[in-house]
$ cat entry.cif   # mmCIF, C-alpha atoms
data_final
#
loop_
_atom_site.label_atom_id
_atom_site.label_comp_id
_atom_site.auth_asym_id
_atom_site.auth_seq_id
_atom_site.Cartn_x
_atom_site.Cartn_y
_atom_site.Cartn_z
CA MET A 25 23.96 -16.30 -20.16
CA THR A 26 27.57 -16.15 -21.17
CA ASP A 27 30.45 -17.90 -19.43
CA LYS A 28 31.54 -14.53 -18.04
CA ALA A 29 28.05 -13.84 -16.66
CA TYR A 30 28.06 -17.28 -15.02
CA ASN A 31 31.47 -16.60 -13.43
CA ASP A 32 30.17 -13.25 -12.21
CA CYS A 33 27.26 -15.08 -10.58
CA VAL A 34 29.67 -17.37 -8.78
CA ASP A 35 31.70 -14.39 -7.57
CA ASN A 36 28.67 -12.32 -6.55
CA PHE A 37 26.18 -14.84 -5.17
CA ALA A 38 27.99 -17.93 -3.87
CA ASP A 39 28.55 -16.52 -0.38
CA GLY A 40 24.95 -15.31 -0.03
CA VAL A 41 23.44 -18.61 -1.17
CA TYR A 42 25.76 -20.55 1.13
CA ARG A 43 24.98 -18.27 4.08
CA PHE A 44 21.24 -18.73 3.52
CA ILE A 45 21.46 -22.53 3.29
CA VAL A 46 23.87 -23.07 6.18
CA LYS A 47 21.77 -20.87 8.47
CA ASN A 48 18.79 -23.06 7.65
CA ILE A 49 20.24 -26.55 7.85
CA ARG A 50 23.17 -25.81 10.20
CA HIS A 51 25.46 -28.35 8.56
CA THR A 52 28.36 -26.93 6.56
CA GLU A 53 29.15 -29.92 4.33
CA ASP A 54 25.52 -30.42 3.29
CA ALA A 55 25.19 -26.67 2.66
CA GLN A 56 28.28 -26.74 0.43
CA ASP A 57 26.82 -29.66 -1.54
CA ILE A 58 23.49 -27.87 -2.00
CA VAL A 59 25.19 -24.66 -3.17
CA GLN A 60 27.44 -26.54 -5.56
CA SER A 61 24.44 -28.38 -6.97
CA ALA A 62 22.55 -25.10 -7.43
CA PHE A 63 25.45 -23.63 -9.40
CA GLU A 64 25.68 -26.83 -11.41
CA LYS A 65 22.00 -26.46 -12.37
CA LEU A 66 22.63 -22.84 -13.30
CA TRP A 67 25.51 -23.95 -15.53
CA VAL A 68 23.41 -26.65 -17.22
CA ASN A 69 20.50 -24.23 -17.77
CA ARG A 70 22.56 -21.10 -18.43
CA SER A 71 21.17 -20.68 -21.95
CA GLN A 72 17.63 -20.33 -20.52
CA VAL A 73 18.50 -18.10 -17.52
CA ILE A 74 18.40 -14.35 -17.95
CA PRO A 75 21.50 -12.90 -16.23
CA GLU A 76 19.37 -10.36 -14.31
CA LYS A 77 17.34 -13.25 -12.83
CA ALA A 78 20.32 -15.47 -11.98
CA LYS A 79 20.35 -14.55 -8.27
CA SER A 80 16.68 -15.40 -7.88
CA TYR A 81 17.18 -18.59 -9.89
CA LEU A 82 20.07 -19.69 -7.65
CA PHE A 83 18.20 -19.02 -4.41
CA THR A 84 15.09 -20.78 -5.74
CA VAL A 85 17.04 -23.88 -6.79
CA ALA A 86 19.03 -23.93 -3.55
CA TYR A 87 15.88 -23.45 -1.45
CA HIS A 88 14.11 -26.37 -3.15
CA GLN A 89 17.18 -28.57 -2.83
CA MET A 90 17.41 -27.66 0.84
CA ILE A 91 13.76 -28.65 1.39
CA ASP A 92 14.39 -31.93 -0.46
CA HIS A 93 17.48 -32.54 1.67
CA ILE A 94 15.55 -31.93 4.89
CA ARG A 95 12.79 -34.28 3.76
CA LYS A 96 15.23 -37.00 2.69
CA THR A 97 17.23 -36.96 5.87
CA ASN A 98 14.35 -36.04 8.19
CA LYS A 99 16.84 -33.58 9.57
CA MET A 100 15.41 -30.49 11.16
CA PRO A 101 17.74 -27.65 12.12
CA LEU A 102 18.89 -27.85 15.73
CA ALA A 103 20.34 -25.00 17.74
CA ASP A 104 23.21 -27.15 19.03
CA GLU A 105 24.67 -28.08 15.63
CA THR A 106 27.58 -26.43 13.85
CA ALA A 107 27.42 -22.66 14.15
CA ILE A 108 28.66 -20.14 11.64
CA PRO A 109 31.91 -18.64 12.94
CA LEU A 110 31.65 -15.01 13.96
CA GLN A 111 34.89 -13.10 13.48
CA LYS A 112 36.14 -9.64 14.38
CA ILE A 113 33.16 -8.53 16.45
CA THR A 114 32.90 -7.24 19.97
CA GLN A 115 31.80 -9.46 22.85
CA GLN A 116 28.49 -7.59 23.18
CA ASP A 117 27.80 -7.92 19.45
CA SER A 118 28.68 -11.60 19.66
CA GLU A 119 26.22 -12.19 22.50
CA LEU A 120 23.50 -10.26 20.70
CA LYS A 121 24.06 -12.20 17.47
CA GLN A 122 24.00 -15.48 19.36
CA VAL A 123 20.70 -14.58 21.03
CA LEU A 124 19.23 -13.49 17.71
CA MET A 125 20.38 -16.62 15.87
CA ARG A 126 19.10 -18.82 18.70
CA ALA A 127 15.68 -17.17 18.34
CA VAL A 128 15.74 -17.47 14.52
CA ASN A 129 16.73 -21.13 14.80
CA GLU A 130 13.64 -21.79 16.92
CA LEU A 131 11.34 -20.70 14.08
CA ASN A 132 9.81 -23.33 11.82
CA PRO A 133 11.65 -23.83 8.49
CA THR A 134 9.27 -21.64 6.47
CA GLN A 135 9.41 -18.76 8.94
CA LYS A 136 13.16 -19.07 9.24
CA SER A 137 13.62 -18.98 5.45
CA LEU A 138 11.37 -15.94 5.15
CA VAL A 139 13.28 -14.01 7.81
CA LEU A 140 16.66 -14.95 6.34
CA LEU A 141 15.66 -14.08 2.77
CA LYS A 142 14.08 -10.74 3.71
CA ASP A 143 16.17 -9.47 6.60
CA TYR A 144 19.58 -11.06 5.90
CA GLU A 145 19.64 -11.29 2.12
CA GLY A 146 17.43 -8.28 1.33
CA TYR A 147 14.99 -9.86 -1.11
CA SER A 148 11.71 -8.15 -1.98
CA TYR A 149 8.39 -9.75 -1.08
CA GLN A 150 7.83 -10.62 -4.73
CA GLU A 151 11.24 -12.29 -5.07
CA ILE A 152 10.70 -14.29 -1.88
CA GLY A 153 7.33 -15.40 -3.20
CA GLU A 154 8.95 -16.64 -6.40
CA ILE A 155 11.64 -18.50 -4.48
CA MET A 156 9.26 -20.15 -2.02
CA ASN A 157 6.23 -20.58 -4.29
CA LEU A 158 4.08 -18.24 -2.19
CA SER A 159 1.97 -15.26 -3.16
CA GLU A 160 3.27 -11.84 -2.20
CA SER A 161 0.47 -11.47 0.37
CA GLN A 162 1.32 -14.87 1.89
CA VAL A 163 4.95 -13.78 2.22
CA LYS A 164 3.87 -10.60 4.03
CA VAL A 165 1.52 -12.43 6.41
CA TYR A 166 3.93 -15.28 7.18
CA LEU A 167 6.85 -12.87 7.63
CA HIS A 168 4.77 -10.68 9.96
CA ARG A 169 3.87 -13.73 12.07
CA ALA A 170 7.50 -14.87 12.14
CA ARG A 171 8.64 -11.44 13.29
CA LEU A 172 6.02 -11.42 16.06
CA ILE A 173 7.30 -14.80 17.25
CA LEU A 174 10.87 -13.46 17.13
CA LYS A 175 9.84 -10.38 19.08
CA ASN A 176 8.30 -12.54 21.79
CA LYS A 177 11.31 -14.86 21.90
CA LEU A 178 13.76 -11.95 22.05
CA SER A 179 11.80 -10.19 24.79
CA ALA A 180 12.20 -13.35 26.87
CA TYR A 181 15.99 -13.01 26.48
CA ALA A 182 16.04 -9.32 27.37
CA PRO A 183 17.43 -8.50 30.78
CA THR A 184 14.92 -7.20 33.28
CA PRO A 185 15.20 -3.46 33.87
CA ILE A 186 16.71 -2.32 37.16
CA HIS A 187 14.47 0.09 39.06
CA ALA A 188 16.10 2.69 41.31
CA ASP A 189 14.37 3.16 44.68
#

$ encode --input "entry.cif" --output "structure tokens"
Amino acid sequence: MTDKAYNDCVDNFADGVYRFIVKNIRHTEDAQDIVQSAFEKLWVNRSQVIPEKAKSYLFTVAYHQMIDHIRKTNKMPLADETAIPLQKITQQDSELKQVLMRAVNELNPTQKSLVLLKDYEGYSYQEIGEIMNLSESQVKVYLHRARLILKNKLSAYAPTPIHAD
């Protein structure tokens, strides 16, 4: 990987990696440290990383560092911690996003990572498997279970329908 390819990675992937980590650990400073460390590892290993695989490499490194961070600090994500600011959205969209993020935050760390990687970042099942050291079939099963849990949690938030007499 050339210096230009590395700089392109920073420009193209830094926000996505940060978004993924901060949504998982809910602490902005720790998320920034993890992302910076992931890019540092990419820089150190740039001669071995194929530019087309750099995004997957970054998410894999960041994911493993996030897991290590959680284990070291015994810090599990809590719904009441620092939230990601939502800007320029309508009140209804804001409420919907808050309900959705509250439900996602209630998932266990593996389920939460799967949902974020697939539905927020757009990774394929194979790529998620590589990042999380799971088989493609495990990713599909775990993601299906996580979505069922989300569906049940979100249905609990849904307003009850009003019946006309």

$ atom_distance --input "entry.cif" --atom1 "atom CA of Ser179 of chain A" --atom2 "atom CA of Leu131 of chain A"
15.0 Å

$ resolve_selection --input "entry.cif" --expression "the PyMOL selection byres ((chain A and resi 57-73) around 10)" --output "PyMOL selection string"
chain A and resi 25-27+29-31+33-34+37-46+52-56+74-79+81-90+93

$ resolve_selection --input "entry.cif" --expression "the PyMOL selection byres ((chain A and resi 141) around 10)" --output "PDB file with C-alpha atoms, in the frame of the given file"
ATOM      1  CA  GLY A  40      24.950 -15.310  -0.030  1.00  0.00           C
ATOM      2  CA  VAL A  41      23.440 -18.610  -1.170  1.00  0.00           C
ATOM      3  CA  PHE A  44      21.240 -18.730   3.520  1.00  0.00           C
ATOM      4  CA  PHE A  83      18.200 -19.020  -4.410  1.00  0.00           C
ATOM      5  CA  GLN A 135       9.410 -18.760   8.940  1.00  0.00           C
ATOM      6  CA  LYS A 136      13.160 -19.070   9.240  1.00  0.00           C
ATOM      7  CA  SER A 137      13.620 -18.980   5.450  1.00  0.00           C
ATOM      8  CA  LEU A 138      11.370 -15.940   5.150  1.00  0.00           C
ATOM      9  CA  VAL A 139      13.280 -14.010   7.810  1.00  0.00           C
ATOM     10  CA  LEU A 140      16.660 -14.950   6.340  1.00  0.00           C
ATOM     11  CA  LYS A 142      14.080 -10.740   3.710  1.00  0.00           C
ATOM     12  CA  ASP A 143      16.170  -9.470   6.600  1.00  0.00           C
ATOM     13  CA  TYR A 144      19.580 -11.060   5.900  1.00  0.00           C
ATOM     14  CA  GLU A 145      19.640 -11.290   2.120  1.00  0.00           C
ATOM     15  CA  GLY A 146      17.430  -8.280   1.330  1.00  0.00           C
ATOM     16  CA  TYR A 147      14.990  -9.860  -1.110  1.00  0.00           C
ATOM     17  CA  SER A 148      11.710  -8.150  -1.980  1.00  0.00           C
ATOM     18  CA  TYR A 149       8.390  -9.750  -1.080  1.00  0.00           C
ATOM     19  CA  GLU A 151      11.240 -12.290  -5.070  1.00  0.00           C
ATOM     20  CA  ILE A 152      10.700 -14.290  -1.880  1.00  0.00           C
ATOM     21  CA  ILE A 155      11.640 -18.500  -4.480  1.00  0.00           C
TER      22      ILE A 155
END

$ atom_distance --input "entry.cif" --atom1 "atom CA of Leu178 of chain A" --atom2 "atom CA of Ala127 of chain A"
6.7 Å

$ atom_distance --input "entry.cif" --atom1 "atom CA of Asn36 of chain A" --atom2 "atom CA of Ile91 of chain A"
23.5 Å

$ decode --input "entry.cif" --residues "segment 47-163 of chain A" --atoms "C-alpha atoms" --output "PDB file, in the first residue's frame"
ATOM      1  CA  LYS A  47     -21.970   3.055  18.794  1.00  0.00           C
ATOM      2  CA  ASN A  48     -20.624  -0.045  20.501  1.00  0.00           C
ATOM      3  CA  ILE A  49     -18.735   1.393  23.458  1.00  0.00           C
ATOM      4  CA  ARG A  50     -20.622   4.704  23.771  1.00  0.00           C
ATOM      5  CA  HIS A  51     -17.555   6.629  24.898  1.00  0.00           C
ATOM      6  CA  THR A  52     -16.155   9.129  22.406  1.00  0.00           C
ATOM      7  CA  GLU A  53     -12.597   9.478  23.734  1.00  0.00           C
ATOM      8  CA  ASP A  54     -12.051   5.713  23.950  1.00  0.00           C
ATOM      9  CA  ALA A  55     -13.529   5.302  20.463  1.00  0.00           C
ATOM     10  CA  GLN A  56     -11.130   7.931  19.098  1.00  0.00           C
ATOM     11  CA  ASP A  57      -8.191   6.106  20.707  1.00  0.00           C
ATOM     12  CA  ILE A  58      -9.266   2.772  19.234  1.00  0.00           C
ATOM     13  CA  VAL A  59      -9.689   4.250  15.754  1.00  0.00           C
ATOM     14  CA  GLN A  60      -6.341   6.012  15.923  1.00  0.00           C
ATOM     15  CA  SER A  61      -4.688   2.785  17.043  1.00  0.00           C
ATOM     16  CA  ALA A  62      -6.315   0.872  14.170  1.00  0.00           C
ATOM     17  CA  PHE A  63      -4.963   3.379  11.651  1.00  0.00           C
ATOM     18  CA  GLU A  64      -1.574   3.209  13.324  1.00  0.00           C
ATOM     19  CA  LYS A  65      -1.554  -0.585  12.844  1.00  0.00           C
ATOM     20  CA  LEU A  66      -2.558  -0.104   9.219  1.00  0.00           C
ATOM     21  CA  TRP A  67       0.354   2.306   8.770  1.00  0.00           C
ATOM     22  CA  VAL A  68       2.840  -0.091  10.384  1.00  0.00           C
ATOM     23  CA  ASN A  69       1.575  -3.024   8.298  1.00  0.00           C
ATOM     24  CA  ARG A  70       0.821  -1.096   5.105  1.00  0.00           C
ATOM     25  CA  SER A  71       3.331  -3.107   3.064  1.00  0.00           C
ATOM     26  CA  GLN A  72       1.382  -6.319   3.808  1.00  0.00           C
ATOM     27  CA  VAL A  73      -2.147  -4.897   3.369  1.00  0.00           C
ATOM     28  CA  ILE A  74      -3.757  -5.038  -0.047  1.00  0.00           C
ATOM     29  CA  PRO A  75      -5.463  -1.669  -0.668  1.00  0.00           C
ATOM     30  CA  GLU A  76      -8.739  -3.384  -1.663  1.00  0.00           C
ATOM     31  CA  LYS A  77      -8.792  -5.139   1.742  1.00  0.00           C
ATOM     32  CA  ALA A  78      -7.874  -2.070   3.813  1.00  0.00           C
ATOM     33  CA  LYS A  79     -11.455  -1.358   4.927  1.00  0.00           C
ATOM     34  CA  SER A  80     -11.930  -4.902   6.177  1.00  0.00           C
ATOM     35  CA  TYR A  81      -8.501  -4.800   7.823  1.00  0.00           C
ATOM     36  CA  LEU A  82      -9.346  -1.561   9.658  1.00  0.00           C
ATOM     37  CA  PHE A  83     -12.711  -2.800  10.913  1.00  0.00           C
ATOM     38  CA  THR A  84     -11.176  -6.110  12.012  1.00  0.00           C
ATOM     39  CA  VAL A  85      -8.367  -4.416  13.944  1.00  0.00           C
ATOM     40  CA  ALA A  86     -10.744  -1.867  15.474  1.00  0.00           C
ATOM     41  CA  TYR A  87     -13.256  -4.576  16.420  1.00  0.00           C
ATOM     42  CA  HIS A  88     -10.599  -6.654  18.194  1.00  0.00           C
ATOM     43  CA  GLN A  89      -9.222  -3.593  19.971  1.00  0.00           C
ATOM     44  CA  MET A  90     -12.739  -2.685  21.056  1.00  0.00           C
ATOM     45  CA  ILE A  91     -13.266  -6.182  22.505  1.00  0.00           C
ATOM     46  CA  ASP A  92      -9.909  -5.925  24.302  1.00  0.00           C
ATOM     47  CA  HIS A  93     -10.880  -2.506  25.635  1.00  0.00           C
ATOM     48  CA  ILE A  94     -14.209  -3.812  26.941  1.00  0.00           C
ATOM     49  CA  ARG A  95     -12.474  -6.747  28.610  1.00  0.00           C
ATOM     50  CA  LYS A  96      -9.769  -4.570  30.166  1.00  0.00           C
ATOM     51  CA  THR A  97     -12.137  -2.019  31.595  1.00  0.00           C
ATOM     52  CA  ASN A  98     -15.024  -4.420  32.251  1.00  0.00           C
ATOM     53  CA  LYS A  99     -17.059  -1.699  30.640  1.00  0.00           C
ATOM     54  CA  MET A 100     -20.234  -2.792  28.948  1.00  0.00           C
ATOM     55  CA  PRO A 101     -22.140  -0.298  26.810  1.00  0.00           C
ATOM     56  CA  LEU A 102     -24.879   1.495  28.730  1.00  0.00           C
ATOM     57  CA  ALA A 103     -27.817   3.309  27.206  1.00  0.00           C
ATOM     58  CA  ASP A 104     -27.314   6.349  29.449  1.00  0.00           C
ATOM     59  CA  GLU A 105     -23.747   7.149  28.369  1.00  0.00           C
ATOM     60  CA  THR A 106     -22.648   9.703  25.784  1.00  0.00           C
ATOM     61  CA  ALA A 107     -24.892   9.628  22.742  1.00  0.00           C
ATOM     62  CA  ILE A 108     -23.898  10.415  19.193  1.00  0.00           C
ATOM     63  CA  PRO A 109     -25.253  13.858  18.293  1.00  0.00           C
ATOM     64  CA  LEU A 110     -28.044  13.820  15.737  1.00  0.00           C
ATOM     65  CA  GLN A 111     -28.115  16.932  13.575  1.00  0.00           C
ATOM     66  CA  LYS A 112     -30.471  18.362  10.974  1.00  0.00           C
ATOM     67  CA  ILE A 113     -33.258  15.813  11.354  1.00  0.00           C
ATOM     68  CA  THR A 114     -36.921  16.215  12.085  1.00  0.00           C
ATOM     69  CA  GLN A 115     -38.363  15.646  15.555  1.00  0.00           C
ATOM     70  CA  GLN A 116     -40.143  12.469  14.419  1.00  0.00           C
ATOM     71  CA  ASP A 117     -36.950  11.097  12.846  1.00  0.00           C
ATOM     72  CA  SER A 118     -35.069  11.973  16.020  1.00  0.00           C
ATOM     73  CA  GLU A 119     -37.535  10.074  18.195  1.00  0.00           C
ATOM     74  CA  LEU A 120     -37.469   7.083  15.862  1.00  0.00           C
ATOM     75  CA  LYS A 121     -33.664   7.025  15.808  1.00  0.00           C
ATOM     76  CA  GLN A 122     -33.554   7.283  19.588  1.00  0.00           C
ATOM     77  CA  VAL A 123     -35.950   4.356  19.971  1.00  0.00           C
ATOM     78  CA  LEU A 124     -33.971   2.309  17.465  1.00  0.00           C
ATOM     79  CA  MET A 125     -30.610   3.082  19.086  1.00  0.00           C
ATOM     80  CA  ARG A 126     -32.045   2.317  22.531  1.00  0.00           C
ATOM     81  CA  ALA A 127     -33.152  -1.098  21.244  1.00  0.00           C
ATOM     82  CA  VAL A 128     -29.783  -1.734  19.528  1.00  0.00           C
ATOM     83  CA  ASN A 129     -27.949  -0.740  22.715  1.00  0.00           C
ATOM     84  CA  GLU A 130     -29.883  -3.397  24.640  1.00  0.00           C
ATOM     85  CA  LEU A 131     -28.438  -6.174  22.448  1.00  0.00           C
ATOM     86  CA  ASN A 132     -25.416  -8.111  23.664  1.00  0.00           C
ATOM     87  CA  PRO A 133     -22.070  -6.917  22.222  1.00  0.00           C
ATOM     88  CA  THR A 134     -21.899  -9.605  19.521  1.00  0.00           C
ATOM     89  CA  GLN A 135     -25.449  -8.994  18.328  1.00  0.00           C
ATOM     90  CA  LYS A 136     -24.934  -5.251  18.409  1.00  0.00           C
ATOM     91  CA  SER A 137     -21.730  -5.496  16.352  1.00  0.00           C
ATOM     92  CA  LEU A 138     -23.426  -7.738  13.798  1.00  0.00           C
ATOM     93  CA  VAL A 139     -26.357  -5.353  13.351  1.00  0.00           C
ATOM     94  CA  LEU A 140     -24.096  -2.313  13.097  1.00  0.00           C
ATOM     95  CA  LEU A 141     -21.715  -3.939  10.610  1.00  0.00           C
ATOM     96  CA  LYS A 142     -24.496  -5.293   8.379  1.00  0.00           C
ATOM     97  CA  ASP A 143     -27.239  -2.694   8.595  1.00  0.00           C
ATOM     98  CA  TYR A 144     -25.282   0.518   9.290  1.00  0.00           C
ATOM     99  CA  GLU A 145     -21.976  -0.125   7.545  1.00  0.00           C
ATOM    100  CA  GLY A 146     -23.240  -2.412   4.758  1.00  0.00           C
ATOM    101  CA  TYR A 147     -20.767  -5.272   5.074  1.00  0.00           C
ATOM    102  CA  SER A 148     -21.452  -8.636   3.455  1.00  0.00           C
ATOM    103  CA  TYR A 149     -21.906 -11.755   5.582  1.00  0.00           C
ATOM    104  CA  GLN A 150     -18.480 -12.976   4.495  1.00  0.00           C
ATOM    105  CA  GLU A 151     -16.780  -9.704   5.445  1.00  0.00           C
ATOM    106  CA  ILE A 152     -18.502  -9.667   8.838  1.00  0.00           C
ATOM    107  CA  GLY A 153     -17.356 -13.235   9.400  1.00  0.00           C
ATOM    108  CA  GLU A 154     -13.768 -12.236   8.677  1.00  0.00           C
ATOM    109  CA  ILE A 155     -13.974  -9.252  11.015  1.00  0.00           C
ATOM    110  CA  MET A 156     -15.565 -11.158  13.897  1.00  0.00           C
ATOM    111  CA  ASN A 157     -13.924 -14.559  13.365  1.00  0.00           C
ATOM    112  CA  LEU A 158     -17.247 -16.268  12.633  1.00  0.00           C
ATOM    113  CA  SER A 159     -18.325 -18.493   9.782  1.00  0.00           C
ATOM    114  CA  GLU A 160     -20.706 -17.013   7.241  1.00  0.00           C
ATOM    115  CA  SER A 161     -23.501 -19.292   8.491  1.00  0.00           C
ATOM    116  CA  GLN A 162     -22.864 -18.201  12.099  1.00  0.00           C
ATOM    117  CA  VAL A 163     -23.126 -14.570  11.014  1.00  0.00           C
TER     118      VAL A 163
END
